Structure formats: C-alpha cells, structure tokens
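Read through the structure below, which is laid out as structure tokens, and then see the notes.
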Amino acid sequence: MRVEISRHIVADTEICHGKPTFRGTRILVSDIVELIAAGETPEKLIEEYPRLTKEMVREALEYAAKTISGERYAEFSKARA
C-alpha cells in the first residue's frame with residue numbers, strides 16, 4: 001500500500017519497509033532529518049544526494065515537526081492499494 005504524505009514524501013510498503021521516503025527514491029526522510037540535526041547543511045545534502053532539492057529538505061523538516069507535534073499528516077484519501 002502506498003500513502004501520499006505530501007508532494008515529495010510517500011510511504012510505500014514495498015519500499016524501505018514502508019518508512020517515509022522521497023518520491024521516486026529510496027532516500028529515507030528520517031536520514032535527511034538526522035543529517036540536518038547533526039549539522040549538515042541543505043546545500044551539502046543536495047550535493048551528496050543529487051535527486052534532492054531544497055524544497056524536499058524543507059518538506060522533510062516540516063514533516064518531522066508535524067509528526068512530533070502529533071498532527072496527522074498523511075492524506076489517507078490518496079492511499080492506493
């Protein structure tokens with residue numbers, strides 16, 4: 001099952017055990033958030049992961065903030081089996 005979490009973030013049970021990744025990649029959102037927390041800059045991450053954009057990094061941080069605050073973020077009406 002695939003859940004569209006946001007424009008760039010999806011969770012698909014067939015990819016990375018259903019953990020949120022960036023659409024069309026196997027890059028885990030959690031990895032990018034952890035790297036930002038460790039001091040990496042968005043520019044450096046984009047160099048290391050050329051498929052990422054600044055908007056995708058920003059969306060990852062937004063997703064993390066909303067998840068921590070307990071907000072429901074996934075639009076389940078867009079889920080596909």
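Residues in the structure tokens are named by chain (A, B, ... in the order shown) and by number from 1 within that chain; ligands are numbered from 1 in the order shown.
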Secondary structure check, alpha helix (DSSP H) residues of chain A, as a PyMOL selection string | chain A and resi 29-37+42-48+54-68
So that I can see what lies close to Asp31 of chain A, please list as a PDB file with N, CA and C atoms, in the first residue's frame the residues with an atom at most 12 Å from it, counting only C-alpha atoms and leaving out residues fewer than 2 positions away in the same chain.
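Listing of result_1.pdb after writing:
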```pdb
ATOM      1  N   LYS A  19       8.698   2.863   5.411  1.00  0.00           N
ATOM      2  CA  LYS A  19       9.139   4.103   6.046  1.00  0.00           C
ATOM      3  C   LYS A  19       9.040   5.246   5.030  1.00  0.00           C
ATOM      4  N   PRO A  20       8.763   6.470   5.487  1.00  0.00           N
ATOM      5  CA  PRO A  20       8.657   7.593   4.556  1.00  0.00           C
ATOM      6  C   PRO A  20       9.956   7.835   3.784  1.00  0.00           C
ATOM      7  N   THR A  21       9.809   7.937   2.476  1.00  0.00           N
ATOM      8  CA  THR A  21      10.924   8.220   1.578  1.00  0.00           C
ATOM      9  C   THR A  21      10.514   9.366   0.657  1.00  0.00           C
ATOM     10  N   PHE A  22      11.487   9.885  -0.060  1.00  0.00           N
ATOM     11  CA  PHE A  22      11.182  10.902  -1.056  1.00  0.00           C
ATOM     12  C   PHE A  22      10.703  10.203  -2.322  1.00  0.00           C
ATOM     13  N   ARG A  26      14.840   5.950  -2.799  1.00  0.00           N
ATOM     14  CA  ARG A  26      14.866   5.132  -1.583  1.00  0.00           C
ATOM     15  C   ARG A  26      15.566   5.909  -0.466  1.00  0.00           C
ATOM     16  N   ILE A  27      15.577   7.215  -0.588  1.00  0.00           N
ATOM     17  CA  ILE A  27      16.181   8.072   0.429  1.00  0.00           C
ATOM     18  C   ILE A  27      15.169   8.241   1.552  1.00  0.00           C
ATOM     19  N   LEU A  28      15.542   7.793   2.742  1.00  0.00           N
ATOM     20  CA  LEU A  28      14.648   7.902   3.895  1.00  0.00           C
ATOM     21  C   LEU A  28      14.584   9.346   4.391  1.00  0.00           C
ATOM     22  N   VAL A  29      13.381   9.797   4.647  1.00  0.00           N
ATOM     23  CA  VAL A  29      13.186  11.131   5.202  1.00  0.00           C
ATOM     24  C   VAL A  29      13.908  11.237   6.546  1.00  0.00           C
ATOM     25  N   VAL A  33      16.608  14.137   7.966  1.00  0.00           N
ATOM     26  CA  VAL A  33      16.363  14.892   9.203  1.00  0.00           C
ATOM     27  C   VAL A  33      17.516  14.675  10.185  1.00  0.00           C
ATOM     28  N   GLU A  34      17.996  13.447  10.316  1.00  0.00           N
ATOM     29  CA  GLU A  34      19.118  13.160  11.211  1.00  0.00           C
ATOM     30  C   GLU A  34      20.389  13.880  10.768  1.00  0.00           C
ATOM     31  N   LEU A  35      20.635  13.923   9.472  1.00  0.00           N
ATOM     32  CA  LEU A  35      21.824  14.624   8.977  1.00  0.00           C
ATOM     33  C   LEU A  35      21.745  16.127   9.227  1.00  0.00           C
ATOM     34  N   ILE A  36      20.571  16.705   9.065  1.00  0.00           N
ATOM     35  CA  ILE A  36      20.375  18.130   9.382  1.00  0.00           C
ATOM     36  C   ILE A  36      20.640  18.354  10.873  1.00  0.00           C
ATOM     37  N   ALA A  37      20.105  17.459  11.715  1.00  0.00           N
ATOM     38  CA  ALA A  37      20.310  17.577  13.167  1.00  0.00           C
ATOM     39  C   ALA A  37      21.785  17.460  13.531  1.00  0.00           C
ATOM     40  N   ALA A  38      22.535  16.699  12.736  1.00  0.00           N
ATOM     41  CA  ALA A  38      23.966  16.518  13.001  1.00  0.00           C
ATOM     42  C   ALA A  38      24.806  17.678  12.468  1.00  0.00           C
ATOM     43  N   GLU A  40      24.641  18.988   9.106  1.00  0.00           N
ATOM     44  CA  GLU A  40      24.778  19.106   7.654  1.00  0.00           C
ATOM     45  C   GLU A  40      23.884  20.236   7.145  1.00  0.00           C
ATOM     46  N   LEU A  45      23.733  18.387   1.586  1.00  0.00           N
ATOM     47  CA  LEU A  45      22.901  17.212   1.345  1.00  0.00           C
ATOM     48  C   LEU A  45      22.520  17.100  -0.125  1.00  0.00           C
ATOM     49  N   TYR A  49      23.220  13.985  -2.326  1.00  0.00           N
ATOM     50  CA  TYR A  49      22.038  13.313  -2.849  1.00  0.00           C
ATOM     51  C   TYR A  49      21.456  14.176  -3.967  1.00  0.00           C
ATOM     52  N   VAL A  57      14.073  18.987   1.230  1.00  0.00           N
ATOM     53  CA  VAL A  57      14.679  19.031   2.565  1.00  0.00           C
ATOM     54  C   VAL A  57      13.765  19.804   3.511  1.00  0.00           C
ATOM     55  N   ALA A  60      10.879  17.685   4.472  1.00  0.00           N
ATOM     56  CA  ALA A  60      11.264  16.663   5.453  1.00  0.00           C
ATOM     57  C   ALA A  60      11.236  17.236   6.866  1.00  0.00           C
ATOM     58  N   LEU A  61      11.751  18.449   7.022  1.00  0.00           N
ATOM     59  CA  LEU A  61      11.750  19.087   8.335  1.00  0.00           C
ATOM     60  C   LEU A  61      10.323  19.423   8.778  1.00  0.00           C
ATOM     61  N   ALA A  64       8.724  16.216   9.921  1.00  0.00           N
ATOM     62  CA  ALA A  64       9.222  15.840  11.251  1.00  0.00           C
ATOM     63  C   ALA A  64       8.562  16.686  12.336  1.00  0.00           C
TER      64      ALA A  64
END
```
Selection: 9 Å around Lys54 of chain A, only C-alpha atoms, excl. self and same-chain fewer than 6 positions, as a PyMOL selection string = chain A and resi 42-43+46
DSSP strand (DSSP E) residues within chain A, listed as a ChimeraX atom specification = /A:2-4,9-12,21-22
What is the atom CA of Ile5 of chain A-atom CA of Gly24 of chain A distance in Å, reported with one decimal?
->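 Distance between the two atoms: 13.4 Å.
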Which residues, written as a count of residues only, have at least one atom at most 10 Å from Arg7 of chain A, with only C-alpha atoms counted and residues fewer than 4 positions away on the same chain left out?
-> 5
Within 9 Å of Asp12 of chain A, counting only C-alpha atoms, which residues show up once you throw out same-chain ones fewer than 4 positions away? Write them as a tab-separated table (two decimals) with N, CA and C atoms, in the first residue's frame, please.
```tsv
chain	number	residue	atom	x	y	z
A	1	MET	N	0.84	-1.17	0.00
A	1	MET	CA	0.00	0.00	0.00
A	1	MET	C	0.89	1.25	0.00
A	2	ARG	N	0.47	2.25	-0.73
A	2	ARG	CA	1.23	3.50	-0.84
A	2	ARG	C	0.40	4.64	-0.29
A	3	VAL	N	1.02	5.46	0.57
A	3	VAL	CA	0.36	6.63	1.14
A	3	VAL	C	1.13	7.86	0.69
A	4	GLU	N	0.41	8.80	0.09
A	4	GLU	CA	0.98	10.08	-0.31
A	4	GLU	C	0.97	10.98	0.92
A	16	CYS	N	11.51	0.31	1.33
A	16	CYS	CA	12.11	0.60	2.65
A	16	CYS	C	11.17	0.27	3.81
A	17	HIS	N	10.49	-0.86	3.70
A	17	HIS	CA	9.61	-1.36	4.77
A	17	HIS	C	8.52	-0.38	5.15
A	18	GLY	N	8.10	0.46	4.21
A	18	GLY	CA	7.01	1.39	4.46
A	18	GLY	C	7.40	2.67	5.17
A	19	LYS	N	8.70	2.86	5.41
A	19	LYS	CA	9.14	4.10	6.05
A	19	LYS	C	9.04	5.25	5.03
A	20	PRO	N	8.76	6.47	5.49
A	20	PRO	CA	8.66	7.59	4.56
A	20	PRO	C	9.96	7.83	3.78
A	21	THR	N	9.81	7.94	2.48
A	21	THR	CA	10.92	8.22	1.58
A	21	THR	C	10.51	9.37	0.66
```
Using atom CA of Glu47 of chain A and atom CA of Ile9 of chain A as the two end points, give the distance in Å to one decimal.
->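 Separation of atom CA of Glu47 of chain A and atom CA of Ile9 of chain A: 19.5 Å.
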